[in-house]
Each structure stands twice: as C-alpha cells, then as structure tokens.
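Structure file work.tsv; described as TSV, C-alpha atoms and all ligand atoms.
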```
chain	number	residue	atom	x	y	z
A	18	MET	CA	-22.28	28.67	-30.21
A	19	GLY	CA	-24.98	31.07	-29.02
A	20	ARG	CA	-26.58	30.78	-25.61
A	21	ILE	CA	-29.50	28.45	-25.66
A	22	ASN	CA	-32.74	29.49	-24.13
A	23	LEU	CA	-32.43	28.06	-20.65
A	24	GLU	CA	-36.04	28.44	-19.68
A	25	ARG	CA	-37.27	26.77	-22.83
A	26	LYS	CA	-34.78	23.92	-22.72
A	27	TYR	CA	-35.20	22.97	-19.08
A	28	ASP	CA	-38.55	24.43	-17.93
A	29	MET	CA	-40.45	21.20	-18.38
A	30	PHE	CA	-38.32	19.78	-15.60
A	31	ASP	CA	-38.07	20.56	-11.96
A	32	ILE	CA	-34.73	22.29	-12.37
A	33	THR	CA	-33.78	25.59	-10.77
A	34	LEU	CA	-32.31	28.43	-12.77
A	35	ALA	CA	-28.94	27.99	-11.05
A	36	GLU	CA	-28.93	24.32	-12.00
A	37	ALA	CA	-29.97	25.13	-15.54
A	38	ARG	CA	-27.02	27.53	-15.89
A	39	LEU	CA	-24.65	24.80	-14.76
A	40	LEU	CA	-26.11	22.32	-17.25
A	41	GLU	CA	-25.97	24.88	-20.01
A	42	TRP	CA	-22.30	25.57	-19.19
A	43	LEU	CA	-21.57	21.88	-19.76
A	44	ASP	CA	-23.60	21.85	-23.01
A	45	ARG	CA	-21.58	24.81	-24.23
A	46	HIS	CA	-18.28	23.06	-23.46
A	47	ARG	CA	-19.02	19.87	-25.38
A	48	GLY	CA	-16.44	20.77	-28.05
A	49	GLU	CA	-13.71	21.48	-25.47
A	50	MET	CA	-14.51	18.24	-23.67
A	51	LEU	CA	-14.07	16.26	-26.88
A	52	THR	CA	-10.83	18.10	-27.66
A	53	MET	CA	-9.42	17.20	-24.26
A	54	LEU	CA	-10.59	13.60	-24.64
A	55	GLU	CA	-8.77	13.36	-27.96
A	56	GLU	CA	-5.60	14.77	-26.41
A	57	LEU	CA	-5.75	12.37	-23.46
A	58	VAL	CA	-6.48	9.28	-25.57
A	59	ASN	CA	-3.63	10.16	-27.93
A	60	THR	CA	-1.20	10.30	-25.00
A	61	ASP	CA	-0.08	6.75	-24.14
A	62	SER	CA	-0.40	6.11	-20.42
A	63	GLY	CA	-0.03	2.42	-19.57
A	64	SER	CA	0.18	1.85	-15.83
A	65	LEU	CA	3.93	1.12	-15.99
A	66	ASP	CA	4.67	4.14	-18.20
A	67	LYS	CA	5.15	6.80	-15.51
A	68	ALA	CA	6.19	9.47	-18.02
A	69	GLY	CA	3.03	8.89	-20.05
A	70	VAL	CA	0.70	8.81	-17.06
A	71	ASP	CA	2.27	12.05	-15.82
A	72	ALA	CA	1.96	13.61	-19.30
A	73	VAL	CA	-1.81	12.99	-19.05
A	74	GLY	CA	-1.64	14.59	-15.60
A	75	ALA	CA	0.15	17.64	-17.01
A	76	ILE	CA	-2.71	18.20	-19.50
A	77	LEU	CA	-5.17	18.18	-16.60
A	78	ILE	CA	-3.03	20.49	-14.45
A	79	ARG	CA	-2.76	23.03	-17.32
A	80	PHE	CA	-6.55	22.93	-17.70
A	81	PHE	CA	-7.07	23.52	-13.97
A	82	GLN	CA	-4.59	26.41	-14.00
A	83	ARG	CA	-6.56	28.08	-16.80
A	84	GLN	CA	-9.76	27.52	-14.80
A	85	LYS	CA	-8.11	28.90	-11.62
A	86	ILE	CA	-8.76	25.62	-9.82
A	87	SER	CA	-6.15	24.75	-7.22
A	88	THR	CA	-4.24	21.48	-7.57
A	89	SER	CA	-1.75	19.58	-5.48
A	90	VAL	CA	0.49	16.75	-6.58
A	91	LEU	CA	1.60	13.75	-4.56
A	92	ARG	CA	4.71	12.43	-6.26
A	93	ASP	CA	5.90	8.86	-6.63
A	94	GLN	CA	9.14	7.51	-8.06
A	95	THR	CA	7.62	4.49	-9.76
A	96	HIS	CA	3.97	5.13	-10.56
A	97	GLY	CA	2.10	8.09	-11.96
A	98	ASP	CA	1.75	10.94	-9.46
A	99	ALA	CA	-1.60	11.42	-7.71
A	100	ILE	CA	-3.20	14.79	-8.55
A	101	MET	CA	-5.84	16.42	-6.40
A	102	ALA	CA	-7.97	19.32	-7.67
A	103	ALA	CA	-10.33	21.17	-5.37
A	104	VAL	CA	-13.18	23.66	-5.68
A	105	GLN	CA	-14.00	25.28	-2.35
A	106	LYS	CA	-17.35	26.19	-0.97
A	107	GLN	CA	-17.58	29.30	1.18
A	108	SER	CA	-19.70	29.06	4.33
A	109	SER	CA	-20.86	25.56	3.73
A	110	ALA	CA	-22.83	23.80	6.42
A	111	ASP	CA	-20.88	20.66	5.66
A	112	SER	CA	-17.14	20.84	5.25
A	113	ARG	CA	-16.86	17.24	4.07
A	114	PRO	CA	-16.05	17.30	0.36
A	115	ILE	CA	-17.81	15.41	-2.39
A	116	LEU	CA	-15.03	13.31	-3.90
A	117	LEU	CA	-14.74	12.46	-7.61
A	118	LEU	CA	-12.40	9.59	-8.48
A	119	GLY	CA	-10.67	8.84	-11.76
A	120	HIS	CA	-7.55	7.08	-13.01
A	121	ARG	CA	-5.26	8.26	-15.81
A	122	ASP	CA	-3.54	4.96	-16.53
A	123	THR	CA	-4.70	2.40	-19.10
A	124	VAL	CA	-3.93	-1.26	-19.79
A	125	PHE	CA	-2.33	-0.44	-23.15
A	126	ALA	CA	1.39	-0.49	-23.91
A	127	LYS	CA	3.33	2.44	-25.30
A	128	GLY	CA	2.73	2.99	-29.01
A	129	GLU	CA	-0.92	1.90	-28.96
A	130	ALA	CA	-2.25	5.46	-29.34
A	131	GLY	CA	-0.04	5.95	-32.41
A	132	ARG	CA	-1.36	2.74	-33.97
A	133	ARG	CA	-5.03	3.51	-33.36
A	134	PRO	CA	-5.50	7.14	-32.38
A	135	PHE	CA	-8.72	8.73	-31.14
A	136	HIS	CA	-11.45	8.79	-33.75
A	137	ILE	CA	-15.21	9.10	-33.96
A	138	LYS	CA	-17.39	6.90	-36.15
A	139	ASP	CA	-21.19	6.63	-36.17
A	140	GLY	CA	-21.59	8.46	-32.88
A	141	ARG	CA	-18.99	6.39	-31.05
A	142	ALA	CA	-15.50	7.44	-30.00
A	143	TYR	CA	-12.65	4.93	-30.10
A	144	GLY	CA	-9.04	4.76	-28.93
A	145	PRO	CA	-7.02	3.21	-26.09
A	146	GLY	CA	-8.58	4.01	-22.73
A	147	VAL	CA	-11.33	6.16	-24.25
A	148	GLY	CA	-13.94	4.80	-21.84
A	149	ASP	CA	-11.70	3.28	-19.16
A	150	MET	CA	-11.43	5.95	-18.23
A	151	LYS	CA	-10.23	8.99	-20.07
A	152	ALA	CA	-13.80	10.10	-20.78
A	153	GLY	CA	-14.43	9.88	-17.02
A	154	ILE	CA	-11.49	12.10	-16.13
A	155	VAL	CA	-12.52	14.65	-18.77
A	156	MET	CA	-16.00	14.65	-17.19
A	157	ASN	CA	-14.64	15.10	-13.70
A	158	ALA	CA	-12.39	17.96	-14.81
A	159	PHE	CA	-15.21	19.79	-16.58
A	160	VAL	CA	-17.73	19.21	-13.79
A	161	LEU	CA	-15.24	20.86	-11.41
A	162	ALA	CA	-14.76	23.72	-13.87
A	163	ALA	CA	-18.53	24.19	-14.26
A	164	PHE	CA	-18.97	24.57	-10.49
A	165	GLN	CA	-15.88	26.78	-10.24
A	166	GLU	CA	-17.42	29.16	-12.75
A	167	MET	CA	-21.14	28.90	-12.00
A	168	GLY	CA	-21.23	27.87	-8.31
A	169	GLY	CA	-24.05	25.87	-6.77
A	170	GLN	CA	-22.09	23.10	-5.07
A	171	PRO	CA	-23.59	22.14	-1.70
A	172	ALA	CA	-20.16	21.19	-0.30
A	173	PRO	CA	-16.51	21.53	-1.32
A	174	LEU	CA	-15.60	19.44	-4.35
A	175	ALA	CA	-12.44	17.39	-4.66
A	176	ALA	CA	-11.27	15.28	-7.57
A	177	LEU	CA	-8.46	12.77	-7.40
A	178	PHE	CA	-6.70	11.75	-10.62
A	179	THR	CA	-4.55	8.70	-9.94
A	180	GLY	CA	-2.15	6.79	-12.17
A	181	ASP	CA	-2.02	3.15	-11.08
A	182	GLU	CA	-5.57	1.79	-10.91
A	183	GLU	CA	-5.14	-0.93	-13.52
A	184	ILE	CA	-2.43	-2.51	-11.37
A	185	ALA	CA	-4.53	-2.30	-8.18
A	186	SER	CA	-3.38	1.17	-7.05
A	187	PRO	CA	-0.23	0.21	-5.11
A	188	PHE	CA	0.73	3.88	-4.72
A	189	SER	CA	-2.67	5.63	-4.70
A	190	ARG	CA	-4.66	3.32	-2.47
A	191	SER	CA	-3.80	5.07	0.81
A	192	THR	CA	-4.54	8.51	-0.71
A	193	ILE	CA	-7.91	7.27	-1.99
A	194	GLU	CA	-8.72	5.80	1.42
A	195	GLN	CA	-7.68	8.93	3.32
A	196	ASN	CA	-9.76	11.20	1.11
A	197	ALA	CA	-12.75	8.86	1.02
A	198	ARG	CA	-12.80	8.60	4.80
A	199	ARG	CA	-13.53	12.31	5.20
A	200	ALA	CA	-15.81	12.64	2.16
A	201	LEU	CA	-19.55	13.20	2.16
A	202	ALA	CA	-19.95	10.90	-0.83
A	203	VAL	CA	-17.79	9.45	-3.60
A	204	PHE	CA	-18.46	9.21	-7.33
A	205	ASN	CA	-16.12	7.15	-9.51
A	206	SER	CA	-16.35	7.99	-13.22
A	207	GLU	CA	-15.51	4.55	-14.58
A	208	PRO	CA	-17.57	3.98	-17.74
A	209	ALA	CA	-21.31	3.36	-17.41
A	210	ARG	CA	-22.35	-0.05	-18.77
A	211	ALA	CA	-23.18	-0.43	-22.46
A	212	ASN	CA	-26.91	-0.43	-21.52
A	213	GLY	CA	-26.48	2.88	-19.67
A	214	ASN	CA	-26.57	1.47	-16.14
A	215	VAL	CA	-24.25	2.65	-13.39
A	216	VAL	CA	-22.40	0.37	-10.98
A	217	THR	CA	-23.59	-0.15	-7.41
A	218	GLY	CA	-21.56	-3.29	-6.65
A	219	ARG	CA	-18.24	-4.77	-7.72
A	220	LYS	CA	-16.27	-7.87	-6.93
A	221	GLY	CA	-13.08	-7.73	-4.97
A	222	GLY	CA	-9.96	-9.27	-6.45
A	223	VAL	CA	-6.47	-10.48	-5.62
A	224	PHE	CA	-3.63	-10.82	-8.12
A	225	ILE	CA	-1.43	-13.72	-7.05
A	226	LEU	CA	1.92	-15.04	-8.27
A	227	LEU	CA	2.35	-18.79	-7.74
A	228	GLU	CA	5.99	-19.85	-8.12
A	229	VAL	CA	7.13	-23.48	-8.33
A	230	PHE	CA	10.75	-24.57	-7.94
A	231	GLY	CA	12.26	-27.84	-9.22
A	232	LYS	CA	15.69	-28.99	-10.34
A	233	SER	CA	17.22	-28.66	-13.80
A	234	ALA	CA	18.78	-31.50	-15.73
A	235	HIS	CA	19.59	-32.37	-19.35
A	236	SER	CA	16.45	-34.04	-20.61
A	237	GLY	CA	18.40	-36.47	-22.78
A	238	VAL	CA	21.52	-37.19	-20.73
A	239	ASN	CA	20.20	-37.33	-17.15
A	240	PHE	CA	16.43	-36.88	-17.32
A	241	PHE	CA	15.83	-38.72	-14.02
A	242	ASP	CA	18.10	-36.34	-12.08
A	243	GLY	CA	15.75	-33.49	-12.88
A	244	VAL	CA	12.57	-32.40	-11.09
A	245	SER	CA	10.13	-30.60	-13.35
A	246	ALA	CA	8.61	-27.44	-11.93
A	247	ILE	CA	6.35	-27.31	-15.00
A	248	ASN	CA	4.83	-30.72	-14.23
A	249	GLU	CA	4.11	-29.71	-10.65
A	250	LEU	CA	2.62	-26.37	-11.75
A	251	ALA	CA	0.41	-28.15	-14.30
A	252	ASP	CA	-0.91	-30.40	-11.56
A	253	LYS	CA	-1.53	-27.44	-9.25
A	254	ILE	CA	-3.40	-25.55	-11.97
A	255	VAL	CA	-5.81	-28.46	-12.39
A	256	ARG	CA	-6.39	-28.61	-8.62
A	257	LEU	CA	-6.92	-24.82	-8.43
A	258	LYS	CA	-10.00	-25.12	-10.66
A	259	ALA	CA	-11.88	-26.24	-7.54
A	260	VAL	CA	-11.56	-22.75	-6.02
A	261	THR	CA	-14.06	-21.36	-8.53
A	262	ASN	CA	-17.58	-21.40	-7.12
A	263	GLN	CA	-20.12	-19.92	-9.48
A	264	ALA	CA	-22.95	-19.82	-6.93
A	265	LYS	CA	-20.86	-17.74	-4.55
A	266	GLY	CA	-19.44	-15.57	-7.31
A	267	VAL	CA	-15.89	-16.77	-6.67
A	268	THR	CA	-13.71	-17.18	-9.76
A	269	LEU	CA	-10.07	-18.14	-10.16
A	270	ASN	CA	-8.39	-17.42	-13.48
A	271	VAL	CA	-4.87	-18.55	-14.32
A	272	GLY	CA	-4.17	-15.80	-16.81
A	273	LEU	CA	-0.45	-16.31	-17.40
A	274	VAL	CA	1.91	-19.24	-17.15
A	275	ARG	CA	5.62	-19.32	-17.78
A	276	GLY	CA	8.49	-21.60	-17.00
A	277	GLY	CA	11.35	-23.67	-18.25
A	278	GLU	CA	14.63	-22.77	-19.90
A	279	THR	CA	14.95	-24.75	-23.11
A	280	VAL	CA	13.06	-27.60	-24.74
A	281	ASN	CA	15.79	-30.06	-23.73
A	282	THR	CA	16.10	-28.95	-20.08
A	283	VAL	CA	13.96	-30.27	-17.25
A	284	ALA	CA	12.34	-27.06	-15.95
A	285	PRO	CA	13.77	-25.76	-12.67
A	286	TYR	CA	11.17	-22.98	-12.41
A	287	ALA	CA	7.57	-22.32	-13.41
A	288	ALA	CA	5.08	-19.66	-12.42
A	289	ALA	CA	1.41	-18.86	-12.83
A	290	GLU	CA	-0.31	-15.51	-12.41
A	291	ILE	CA	-3.73	-15.87	-10.89
A	292	ASP	CA	-6.68	-13.48	-10.68
A	293	LEU	CA	-9.03	-14.38	-7.84
A	294	ARG	CA	-12.42	-12.58	-7.70
A	295	PHE	CA	-15.05	-12.69	-4.98
A	296	VAL	CA	-18.23	-10.93	-3.87
A	297	GLN	CA	-17.93	-11.29	-0.10
A	298	GLN	CA	-14.76	-10.41	1.75
A	299	CYS	CA	-15.04	-13.73	3.72
A	300	ASP	CA	-14.65	-15.66	0.47
A	301	ARG	CA	-11.31	-13.94	0.00
A	302	GLU	CA	-9.89	-15.60	3.12
A	303	ALA	CA	-11.41	-19.01	2.34
A	304	SER	CA	-10.17	-18.98	-1.26
A	305	LEU	CA	-6.69	-17.79	-0.32
A	306	SER	CA	-6.33	-20.59	2.20
A	307	GLU	CA	-7.39	-23.12	-0.47
A	308	ILE	CA	-4.79	-21.66	-2.83
A	309	ARG	CA	-2.10	-21.81	-0.15
A	310	LYS	CA	-3.01	-25.43	0.56
A	311	VAL	CA	-2.59	-26.36	-3.10
A	312	ALA	CA	0.72	-24.48	-3.17
A	313	GLU	CA	2.08	-26.25	-0.11
A	314	ASP	CA	0.89	-29.70	-1.20
A	315	CYS	CA	3.59	-30.59	-3.77
A	316	ARG	CA	2.84	-33.96	-5.36
A	317	ILE	CA	6.19	-34.29	-7.14
A	318	ALA	CA	9.00	-34.99	-4.69
A	319	GLY	CA	11.72	-32.36	-4.79
A	320	THR	CA	9.50	-29.45	-5.77
A	321	SER	CA	8.48	-26.51	-3.59
A	322	ALA	CA	6.18	-23.55	-4.15
A	323	LYS	CA	5.52	-20.02	-2.99
A	324	VAL	CA	2.44	-17.76	-3.09
A	325	ILE	CA	2.95	-14.01	-3.42
A	326	ILE	CA	0.11	-11.47	-3.40
A	327	LYS	CA	0.93	-8.89	-6.09
A	328	GLY	CA	-2.11	-6.65	-5.91
A	329	GLU	CA	-5.51	-6.37	-4.37
A	330	PHE	CA	-8.90	-4.72	-4.86
A	331	LEU	CA	-11.64	-4.55	-2.26
A	332	PRO	CA	-15.24	-5.25	-3.31
A	333	LEU	CA	-17.61	-2.31	-3.81
A	334	VAL	CA	-20.32	-3.13	-1.32
A	335	GLU	CA	-23.56	-1.44	-0.44
A	336	THR	CA	-23.19	0.62	2.74
A	337	GLN	CA	-26.06	1.87	4.85
A	338	HIS	CA	-26.42	5.10	2.90
A	339	SER	CA	-25.29	4.17	-0.60
A	340	PRO	CA	-28.83	3.33	-1.85
A	341	ARG	CA	-29.76	6.98	-1.14
A	342	LEU	CA	-26.78	8.22	-3.12
A	343	PHE	CA	-27.93	6.07	-6.02
A	344	GLU	CA	-31.50	7.43	-5.72
A	345	ILE	CA	-30.26	11.03	-5.81
A	346	TYR	CA	-28.22	10.20	-8.91
A	347	ARG	CA	-31.04	8.30	-10.58
A	348	SER	CA	-33.59	11.04	-10.02
A	349	ALA	CA	-31.14	13.59	-11.47
A	350	ALA	CA	-30.79	11.33	-14.51
A	351	ASN	CA	-34.59	10.97	-14.79
A	352	GLU	CA	-35.01	14.72	-14.81
A	353	LEU	CA	-32.67	14.90	-17.77
A	354	GLY	CA	-34.66	12.22	-19.55
A	355	ILE	CA	-32.24	9.36	-18.84
A	356	LYS	CA	-33.50	6.08	-17.38
A	357	LEU	CA	-30.94	3.88	-15.66
A	358	GLN	CA	-30.48	1.21	-13.02
A	359	GLY	CA	-27.69	0.18	-10.69
A	360	GLU	CA	-25.82	-2.95	-11.67
A	361	PHE	CA	-23.32	-5.42	-10.21
A	362	THR	CA	-20.12	-6.21	-12.11
A	363	GLY	CA	-17.18	-8.56	-11.62
A	364	GLY	CA	-14.73	-5.84	-12.63
A	365	CYS	CA	-12.74	-4.28	-9.80
A	366	ALA	CA	-12.10	-0.58	-9.31
A	367	ASP	CA	-10.88	2.04	-6.85
A	368	SER	CA	-14.49	2.54	-5.71
A	369	GLY	CA	-14.02	-0.59	-3.57
A	370	PHE	CA	-11.31	1.16	-1.53
A	371	ALA	CA	-13.64	4.12	-1.04
A	372	SER	CA	-16.70	2.13	0.00
A	373	ALA	CA	-14.62	0.10	2.46
A	374	GLN	CA	-14.18	3.38	4.37
A	375	GLY	CA	-17.93	3.40	4.96
A	376	VAL	CA	-18.67	6.36	2.67
A	377	PRO	CA	-21.59	6.10	0.20
A	378	THR	CA	-19.95	5.40	-3.16
A	379	LEU	CA	-21.40	5.18	-6.66
A	380	CYS	CA	-19.35	3.83	-9.56
A	381	GLY	CA	-19.75	3.82	-13.33
A	382	VAL	CA	-20.95	7.42	-13.55
A	383	GLY	CA	-18.72	8.03	-16.60
A	384	ALA	CA	-19.66	8.02	-20.26
A	385	VAL	CA	-21.68	5.07	-21.58
A	386	GLY	CA	-19.47	2.56	-23.35
A	387	GLY	CA	-18.17	-0.97	-23.58
A	388	LYS	CA	-15.46	-3.44	-24.59
A	389	ALA	CA	-12.96	-1.96	-22.11
A	390	HIS	CA	-9.44	-3.43	-22.23
A	391	THR	CA	-9.87	-4.41	-25.91
A	392	ARG	CA	-9.15	-2.80	-29.27
A	393	ASP	CA	-12.91	-2.32	-29.73
A	394	GLU	CA	-13.32	-0.15	-26.62
A	395	TYR	CA	-15.75	2.72	-27.28
A	396	ILE	CA	-17.97	5.35	-25.74
A	397	GLU	CA	-21.19	6.87	-27.03
A	398	VAL	CA	-20.03	10.40	-27.80
A	399	ASP	CA	-23.23	12.18	-26.69
A	400	THR	CA	-23.04	10.61	-23.26
A	401	LEU	CA	-19.80	12.48	-22.45
A	402	THR	CA	-21.79	15.68	-21.83
A	403	ASP	CA	-25.05	13.93	-20.93
A	404	ARG	CA	-23.48	12.04	-18.04
A	405	ALA	CA	-21.44	15.07	-16.97
A	406	LYS	CA	-24.75	16.91	-16.62
A	407	VAL	CA	-26.30	14.08	-14.60
A	408	LEU	CA	-23.27	14.10	-12.30
A	409	ALA	CA	-23.40	17.89	-11.90
A	410	LEU	CA	-27.14	17.83	-11.14
A	411	ALA	CA	-26.72	14.97	-8.66
A	412	ILE	CA	-23.95	16.96	-6.93
A	413	CYS	CA	-26.22	20.04	-6.70
A	414	ARG	CA	-28.79	17.94	-4.89
A	415	LEU	CA	-26.50	16.15	-2.50
A	416	ASN	CA	-26.72	17.14	1.08
A	417	ALA	CA	-25.89	15.40	4.30
A	418	ASP	CA	-29.51	15.50	5.56
A	419	GLN	CA	-30.82	13.67	2.54
A	420	LEU	CA	-27.93	11.25	2.45
A	421	TYR	CA	-27.51	10.39	6.11
A	422	ASN	CA	-30.86	10.94	7.85
B	1	ZN	ZN	-10.97	1.80	-15.08
```

Show me this structure written as structure tokens.
Ligand SMILES: [Zn+2]
Amino acid sequence: MGRINLERKYDMFDITLAEARLLEWLDRHRGEMLTMLEELVNTDSGSLDKAGVDAVGAILIRFFQRQKISTSVLRDQTHGDAIMAAVQKQSSADSRPILLLGHRDTVFAKGEAGRRPFHIKDGRAYGPGVGDMKAGIVMNAFVLAAFQEMGGQPAPLAALFTGDEEIASPFSRSTIEQNARRALAVFNSEPARANGNVVTGRKGGVFILLEVFGKSAHSGVNFFDGVSAINELADKIVRLKAVTNQAKGVTLNVGLVRGGETVNTVAPYAAAEIDLRFVQQCDREASLSEIRKVAEDCRIAGTSAKVIIKGEFLPLVETQHSPRLFEIYRSAANELGIKLQGEFTGGCADSGFASAQGVPTLCGVGAVGGKAHTRDEYIEVDTLTDRAKVLALAICRLNADQLYN
C-alpha cells in the first residue's frame, strides 16, 4: 500500500503532523492487525487452558520482539502468565505510565476455534473471543508499536496482557492493582458497545458457591432416614430471589445447580453457583449478609450449608478525574469523525480493579462489537483500526495538567 497523503487526509482536522503520522502508521498496518487477530482467535485460550492462554501470549511476545519492544513475564503455575510490554519515554515530565489493559483468556472451551474459526462476513469478524477481547489486545499491541516507531507519547506506555479475567483475575488482580496505582491513566480495551459507546461504569460482582449438606438414604427402603440436601437448596434458592433489587441495580443469578447421587438416593449434597452483581460497594456487604443469613437458616432439620466466595470483581466507578479522561477520549474520537458516549454496563471487568486504585480509568475502548460470550460474538472489522487510532490520538493528548488540574 502506498503512503497516503497525510495533509489531505487529516488537514480538515485539528491534528498535528506528528499525530497524523501515527494515525497513518495504524492505517497502513490494518492488514497486519487483522492477520494477528485471526491468529489469536484461532488459538483456543479458555481461562482454564493455561497452555492455550500462554500460546496467545507467545504470539504477542514474538510481535513485540520484532518491534523491539521490551516485555517481561510474570509466571503462574495454574493460570496464564501475565505479560507486560513497555514503551519508554525519554525525558518525560511525568514518569507515571499510561496503562493499557487487556486479557488473553476467553470463556470458550478447547476445540471451539476449530469448530468455528475466525472469519469475516459482511464487514463483521466472527470467532471465539473476537471482541472479548482479542481485538482489544491486537489494538493495544499495535498502538504500542505505533508509538515505538513514530514517537509522540506524552508519558511512558505500558500494556498488561493477562490470562484470567473471565474467572475474576485470581492471579492477575494484584499485578493490575500495582500497575494501576502508579499509572497516569488506564484504558481497558474491552469491546465498545454495539452502538459504538465506550464504558464509563460497570457493576461489581461476586461469584459464590453455596453448598448444602444432608444425609443419604435409599429412597425406597428407608426414605425417612434420609435428609435431602436438594430440597433444602431448592427452598434456599426461592428465598434468595429477594436479594435482587432492580431499583438499586442489585441482581442475584443462580446460574448452576447440581446435587444428588442417583434417582433412588436421598441427596446428601447439593450446590448452587451464584453470581451477585451490584452498583455500589455498600450493596455488596448488605447482599452478602442476606445470602449468609439464608445459608445459615436451614428449614429442613439435619441439613447444614456453607457459603464460599469463588471470585470477585470491583465496580468501575467514576473517580474525581475520570470524566476528564473520557472527555479527552471523546474529543479525539470526534476529530476522527466518530461520535460516542460513555455508558454503564452490568458486565464486570478488570477496569474495576484499576479504578478502585483511584486512577482515572476508561473501559470499552476496543473494537465495536456485541454478543460477547455467545456463538454470535462479532466485531465491526473497520473499527479495529478506527478505535486504535482514537486510542492513539487520545494518548497523544493525555497529560497530567489536563487530567488532574
Ligand atoms: Zn472481556
């Protein structure tokens, strides 16, 4: 592809020549970005598939090596390693880095990519994890590469590629928090909403395992010696419906139930997996105490129950300076002819851990798409480069004075 005429393409906007070169670099790498996206989508990387998540990481590390971008790897035995890539800034007034977040894991089991590999149809790209969030990590990688080659970053850039977000980041959370704490600002490249909006607020969530214990017995021979854990769990599930409070934005979903041994055995064990979501952190405590009360209050004599917290996301909340971060991003988008708003969503993400550190955080700056976590997940192909350009331009215009004063 020949070089496009920078002045002609961007001169109607208030964009400097240095910025235009950066944008043009991203335009020119559209093909490479799509090639990497295809490679990433076609590599299975479910959260519990460490080998797969690390294979996605290896593709990124090879790319950074070719781009002469330094990387470091924080290893874990169980989950995908956390990979940090950094582009330095010489003689910067502010040494706090701008942090880009992205996760390499998906919700899909091994074999899914083979069954429905990456493909493009009518301007949309499909495949497991294409929007959530392999497009986002491609964007982050290429935005780093653009600055590495063309310069123009107002502060050092750091990008964290984690491997356990879909299971609430048990390994990566502390790394995200540490890096967010010393960052100037954080962008998380989760997919933009289907209408093009980015995400300025998210619910917090807790994944809970509720276990109920009873006593087994032969259901024909000595039925009345048994104590059914399933019956008690069923009763608890009905009572737990009261935790949901639509006005407050609190929801409780019993997403999985299991229990029992055979059809002719009184069930000695039953369990439910619960997803609690909330807007305000105070509703977390109130809801958890309601859940614990229901767990402790066993209505069937001889049963007992236990509540175990399996995973947790903090809400993405507006901090003092986050509206300014959004304004810088939105005006960059406007200059590139893209109109967008900030939006609240019930979906949880790592951006909650970042914003809880008090750093201005904007989420959903990835490619525009929808239907995440389903077979119909897609992104609008053109937005892969379009949103990378918005992110790059917003980064160019970020400085501590504008953000914090
Ligand atoms: Zn995601």

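Identified as lying at most 7 Å from ligand ZN 1 (chain B) when counting only C-alpha atoms and all ligand atoms are the residues His120, Asp149, Met150, Glu182, Glu183, Glu207 and Ala366 of chain A.
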
Show which residues sit within 6 Å of region 320-336 of chain A, as number ranges by chain. Count only C-alpha atoms, and ignore same-chain residues fewer than 5 positions away. A: 185, 218-231, 312, 369-370, 372

Just the residues within 9 Å of region 285-293 of chain A, please, counting all atoms listed in the file, with nothing from its chain fewer than 4 positions along; format it as a ChimeraX atom specification. /A:221-234,243-250,254,260-261,267-278,301,304-305,320

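Between CA of Ala264 (chain A) and CA of Val311 (chain A) the separation is 21.7 Å.
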
Contacts of region 353-364 of chain A within 8 Å, all atoms listed in the file, excl. fewer than 2 positions in-chain, as a short mmCIF file (atom, residue, chain, number, x, y, z; two decimals) with C-alpha atoms, keeping the file's coordinate frame:
```cif
data_model
loop_
_atom_site.label_atom_id
_atom_site.label_comp_id
_atom_site.auth_asym_id
_atom_site.auth_seq_id
_atom_site.Cartn_x
_atom_site.Cartn_y
_atom_site.Cartn_z
CA PHE A 30 -38.32 19.78 -15.60
CA GLY A 213 -26.48 2.88 -19.67
CA ASN A 214 -26.57 1.47 -16.14
CA VAL A 215 -24.25 2.65 -13.39
CA VAL A 216 -22.40 0.37 -10.98
CA THR A 217 -23.59 -0.15 -7.41
CA GLY A 218 -21.56 -3.29 -6.65
CA ARG A 219 -18.24 -4.77 -7.72
CA LYS A 220 -16.27 -7.87 -6.93
CA GLY A 221 -13.08 -7.73 -4.97
CA ARG A 294 -12.42 -12.58 -7.70
CA PHE A 343 -27.93 6.07 -6.02
CA ARG A 347 -31.04 8.30 -10.58
CA ALA A 349 -31.14 13.59 -11.47
CA ALA A 350 -30.79 11.33 -14.51
CA ASN A 351 -34.59 10.97 -14.79
CA ALA A 366 -12.10 -0.58 -9.31
CA VAL A 407 -26.30 14.08 -14.60
#
```

Looking at A:Arg113, A:Arg316, A:His235, A:Lys265, which one is nearest to Val280 (chain A), with distances taken over all atoms listed in the file? A:His235

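Nearest-residue note for Asp98 (chain A): choosing from A:Asp44, A:Asp181, A:Asp300, A:Asp399, the minimum distance belongs to A:Asp181, counting all atoms listed in the file.
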
For Leu57 (chain A), work out the shell of residues within 7 Å, counting all atoms listed in the file and skipping chain neighbours fewer than 4 positions away, then give it as a ChimeraX atom specification. /A:53,73,151

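Distance check against Val398 (chain A) using all atoms listed in the file: of A:Gly48, A:Gly119, A:Gly97, A:Gly168, the minimum falls on A:Gly48.
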
Kindly extract all protein, DNA and RNA residues lying within 12 Å of the coordinates (-25.5, 8.3, -8.1) given in the file, considering all atoms listed in the file, and supply them as a PyMOL selection string. chain A and resi 115+117+202-206+209+214-217+338-351+357-360+377-383+404-405+407-415+420

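Interatomic distance, CA of Leu34 (chain A) against CA of Leu77 (chain A): 29.3 Å.
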
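Between CA of Ser64 (chain A) and CA of Ser186 (chain A) lies a distance of 9.5 Å.
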
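With only C-alpha atoms as the atoms that count, the residue of A:Ile396, A:Val147, A:Gln337, A:Lys85 with the shortest distance to Asn422 (chain A) is A:Gln337.
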
List the neighbours of Gly69 (chain A) out to 9 Å using all atoms listed in the file; skip same-chain residues closer than 4 positions along the sequence, and give me the result as a PyMOL selection string. chain A and resi 60-65+73-74+97+122+127

Next, write the just-selected residues to a file, as an mmCIF file, in the coordinates of the input, keeping C-alpha atoms as the atom set.
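Result file follows (part.cif):
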```cif
data_model
loop_
_atom_site.group_PDB
_atom_site.id
_atom_site.type_symbol
_atom_site.label_atom_id
_atom_site.label_comp_id
_atom_site.auth_asym_id
_atom_site.auth_seq_id
_atom_site.Cartn_x
_atom_site.Cartn_y
_atom_site.Cartn_z
ATOM 1 C CA THR A 60 -1.200 10.300 -25.000
ATOM 2 C CA ASP A 61 -0.080 6.750 -24.140
ATOM 3 C CA SER A 62 -0.400 6.110 -20.420
ATOM 4 C CA GLY A 63 -0.030 2.420 -19.570
ATOM 5 C CA SER A 64 0.180 1.850 -15.830
ATOM 6 C CA LEU A 65 3.930 1.120 -15.990
ATOM 7 C CA VAL A 73 -1.810 12.990 -19.050
ATOM 8 C CA GLY A 74 -1.640 14.590 -15.600
ATOM 9 C CA GLY A 97 2.100 8.090 -11.960
ATOM 10 C CA ASP A 122 -3.540 4.960 -16.530
ATOM 11 C CA LYS A 127 3.330 2.440 -25.300
#
```
